[in-house]
Amino acid sequence: MKVNGHGRAKILTIEEIQILFSDGLKLERDRVMFGVMLFTACRINEACTLRTTDVYDRRGRVMEEIIFRKQNTKGKLATRTIPVFEDLRVLLTNYGIDRASRYLFPGRLEGHIQPDSASRIFRKACISVGIVGASTHSFRRTALTQMSNGGIPLRVIQEVSGHRNLGQLQKYLEVQPDQVRGAIASLSMLSPGSGDGGDKCHEILIDKKRRNLDLDTHPEVSLSIPDVIDD
C-alpha cells in the first residue's frame with residue numbers, strides 16, 4: 001500500500017471503484033479519464049495525452065480500439081492499441097467533449113490536462129470517500145491483477161500493459177492471501193492417507209511386500225523381477 005508517496009499503489013476493490021466513480025469524482029471528464037485508465041490498464045501520462053482522434057473516428061463514433069501513441073508511452077517503445085471494453089464505450093459515447101478538440105482531456109487553459117493535475121484530482125477524490133493507500137497507478141495495478149486472477153496468460157497481459165518483459169509485469173501483480181491458501185490446500189491430493197492417490201500408494205506397497213515374500217518362499221524365482229522404483 002502506498003503511504004506518503006512510498007510503497008506500491010493499492011489494488012482497488014469493486015466497492016472502492018464504485019464509490020470513487022459515484023461519489024469521489026465530480027466531473028465527467030475525470031470519470032472518463034480514470035475509466036480509460038481502469039479499462040485499458042494504461043499509465044496516467046498515456047491517458048492524459050490521448051487525442052480525440054485516438055478514440056473517435058471521423059464521424060465522432062468510438063472506435064473499436066484506443067490508440068496509445070509511441071511517443072507518449074513509457075520508454076517510447078511502441079504504439080499500443082487496446083480494444084474498447086463495453087463499459088468504457090458507454091463512458092466515451094456519452095462523454096460531452098467536442099469531437100473537434102485536439103485532446104480527449106483538455107487542460108484548464110490549453111493543451112491536455114497534466115499528469116500532476118490528474119493525480120491531485122484523484123487524491124482529493126480518495127480523501128473524500130475515505131480510500132487510503134491508492135494512487136492513479138492503482139487503476140493500472142488493479143486491471144492487470146484482475147486479468148491475472150482471471151487466468152489470462154502473462155504473455156497476453158504483457159500485450160495490454162506494454163511492459164518490456166514478463167519480469168517487469170510480474171512486479172505489478174498482487175497475490176491475495178486466499179490465493180496462497182488455495183495453493184497450499186491443493187497439496188491435499190498428495191496426502192498418503194486420502195483419496196485415490198493414497199489408495200494407489202497402499203496398493204503398490206502391498207504388491208511390493210507380496211513379491212518380496214514370493215522371492216523368500218521360491219528362491220528359484222529369477223531376481224530380475226522388476227520392483228517398485230523409488231525415483
# chains A, B, ... in the order shown; residues from 1 in each chain; ligands from 1
>>> residues_around(residues="A:Ile82", least_positions_apart="4", cutoff="7 Å", atoms="only C-alpha atoms", output="PyMOL selection string")
chain A and resi 40+65-67+160
>>> write_last_selection(atoms="N, CA and C atoms", output="short mmCIF file (atom, residue, chain, number, x, y, z; two decimals), in the first residue's frame")
data_model
loop_
_atom_site.label_atom_id
_atom_site.label_comp_id
_atom_site.auth_asym_id
_atom_site.auth_seq_id
_atom_site.Cartn_x
_atom_site.Cartn_y
_atom_site.Cartn_z
N THR A 40 -8.22 0.08 -19.63
CA THR A 40 -7.15 -0.20 -20.60
C THR A 40 -5.82 -0.49 -19.91
N GLU A 65 -10.80 0.25 -31.11
CA GLU A 65 -9.60 0.23 -30.29
C GLU A 65 -9.12 1.65 -30.00
N ILE A 66 -8.54 1.82 -28.81
CA ILE A 66 -7.91 3.09 -28.45
C ILE A 66 -6.44 3.00 -28.82
N ILE A 67 -5.90 4.07 -29.37
CA ILE A 67 -4.51 4.11 -29.79
C ILE A 67 -3.68 4.88 -28.76
N VAL A 160 -1.16 -5.97 -23.32
CA VAL A 160 -2.01 -4.88 -22.84
C VAL A 160 -1.19 -3.86 -22.07
#
>>> residues_around(residues="A:Gln71", least_positions_apart="2", cutoff="12 Å", atoms="only C-alpha atoms", output="MDAnalysis selection string")
chainID A and resid 45:46 49:50 67:69 73:80
>>> closest_residue(among="A:Val132, A:Leu91, A:Leu12, A:Val84", to="A:Gln146", atoms="only C-alpha atoms")
A:Leu12
>>> select_by_dssp(residues="stretch 5-184 of chain A", states="helix (DSSP H, G or I)", output="ChimeraX atom specification")
/A:14-24,28-40,44-48,52-54,70-72,74-76,86-94,115-129,137-149,154-161,166-170,177-184
>>> closest_residue(among="A:Gly96, A:Arg61, A:Met33, A:Asp178", to="A:Phe21", atoms="only C-alpha atoms")
A:Met33
>>> residues_around(residues="A:Lys124", least_positions_apart="5", cutoff="10 Å", atoms="only C-alpha atoms", output="JSON, numbers by chain")
{"A": [24, 25, 119, 129, 130, 131]}
>>> decode(residues="stretch 83-167 of chain A", atoms="C-alpha atoms", output="compact mmCIF listing (two decimals), in the first residue's frame")
# COMPACT_ATOMS: atom_id res chain seq x y z
CA PRO A 83 -9.81 -2.93 -27.52
CA VAL A 84 -12.61 -0.82 -26.06
CA PHE A 85 -14.50 -2.64 -23.31
CA GLU A 86 -18.28 -2.12 -23.41
CA ASP A 87 -18.44 -0.16 -20.13
CA LEU A 88 -15.72 2.15 -21.44
CA ARG A 89 -17.53 2.52 -24.75
CA VAL A 90 -20.59 3.80 -22.88
CA LEU A 91 -18.47 6.34 -20.97
CA LEU A 92 -16.80 7.57 -24.15
CA THR A 93 -20.03 7.67 -26.16
CA ASN A 94 -21.75 9.80 -23.53
CA TYR A 95 -18.70 12.00 -22.96
CA GLY A 96 -19.63 15.58 -23.78
CA ILE A 97 -16.30 16.51 -25.33
CA ASP A 98 -16.14 18.48 -28.56
CA ARG A 99 -15.04 15.84 -31.07
CA ALA A 100 -13.11 18.60 -32.88
CA SER A 101 -10.98 19.19 -29.78
CA ARG A 102 -7.38 18.12 -30.21
CA TYR A 103 -7.10 16.38 -26.85
CA LEU A 104 -9.54 14.00 -25.22
CA PHE A 105 -8.95 15.55 -21.79
CA PRO A 106 -8.29 19.28 -22.22
CA GLY A 107 -6.42 21.25 -19.59
CA ARG A 108 -7.83 24.28 -17.83
CA LEU A 109 -6.07 26.76 -20.10
CA GLU A 110 -4.75 24.95 -23.19
CA GLY A 111 -3.36 21.62 -24.29
CA HIS A 112 -4.14 18.48 -22.34
CA ILE A 113 -4.55 18.01 -18.62
CA GLN A 114 -1.21 17.45 -16.92
CA PRO A 115 -0.49 14.18 -15.06
CA ASP A 116 0.25 16.09 -11.85
CA SER A 117 -3.14 17.77 -12.03
CA ALA A 118 -4.86 14.43 -12.64
CA SER A 119 -3.02 12.96 -9.64
CA ARG A 120 -4.24 15.79 -7.39
CA ILE A 121 -7.80 15.24 -8.57
CA PHE A 122 -7.54 11.56 -7.74
CA ARG A 123 -6.04 12.16 -4.29
CA LYS A 124 -8.85 14.56 -3.39
CA ALA A 125 -11.42 12.03 -4.59
CA CYS A 126 -9.85 9.29 -2.44
CA ILE A 127 -9.81 11.54 0.63
CA SER A 128 -13.46 12.47 0.12
CA VAL A 129 -14.58 8.80 0.10
CA GLY A 130 -12.06 7.51 2.68
CA ILE A 131 -9.76 5.43 0.48
CA VAL A 132 -6.20 5.15 1.83
CA GLY A 133 -3.07 3.99 0.03
CA ALA A 134 -4.25 4.47 -3.56
CA SER A 135 -2.75 6.49 -6.38
CA THR A 136 -3.53 6.86 -10.07
CA HIS A 137 -1.29 3.82 -10.60
CA SER A 138 -3.88 1.80 -8.67
CA PHE A 139 -6.05 1.60 -11.78
CA ARG A 140 -3.23 0.00 -13.77
CA ARG A 141 -2.29 -2.45 -10.99
CA THR A 142 -5.93 -3.31 -10.37
CA ALA A 143 -6.64 -4.00 -14.04
CA LEU A 144 -3.53 -6.13 -14.60
CA THR A 145 -4.04 -8.11 -11.38
CA GLN A 146 -7.67 -8.75 -12.30
CA MET A 147 -6.57 -10.17 -15.66
CA SER A 148 -4.00 -12.39 -13.96
CA ASN A 149 -6.54 -13.63 -11.41
CA GLY A 150 -8.91 -14.36 -14.29
CA GLY A 151 -6.41 -16.81 -15.75
CA ILE A 152 -5.28 -14.65 -18.68
CA PRO A 153 -1.77 -15.78 -19.79
CA LEU A 154 1.01 -13.38 -18.78
CA ARG A 155 2.16 -13.02 -22.39
CA VAL A 156 -1.29 -11.72 -23.34
CA ILE A 157 -1.40 -9.35 -20.36
CA GLN A 158 2.01 -8.04 -21.44
CA GLU A 159 0.49 -7.00 -24.77
CA VAL A 160 -2.01 -4.88 -22.84
CA SER A 161 0.42 -3.44 -20.31
CA GLY A 162 3.24 -2.67 -22.72
CA HIS A 163 5.94 -3.95 -20.36
CA ARG A 164 9.28 -4.85 -21.94
CA ASN A 165 9.40 -8.27 -20.31
CA LEU A 166 7.40 -10.57 -18.06
CA GLY A 167 9.65 -9.85 -15.08
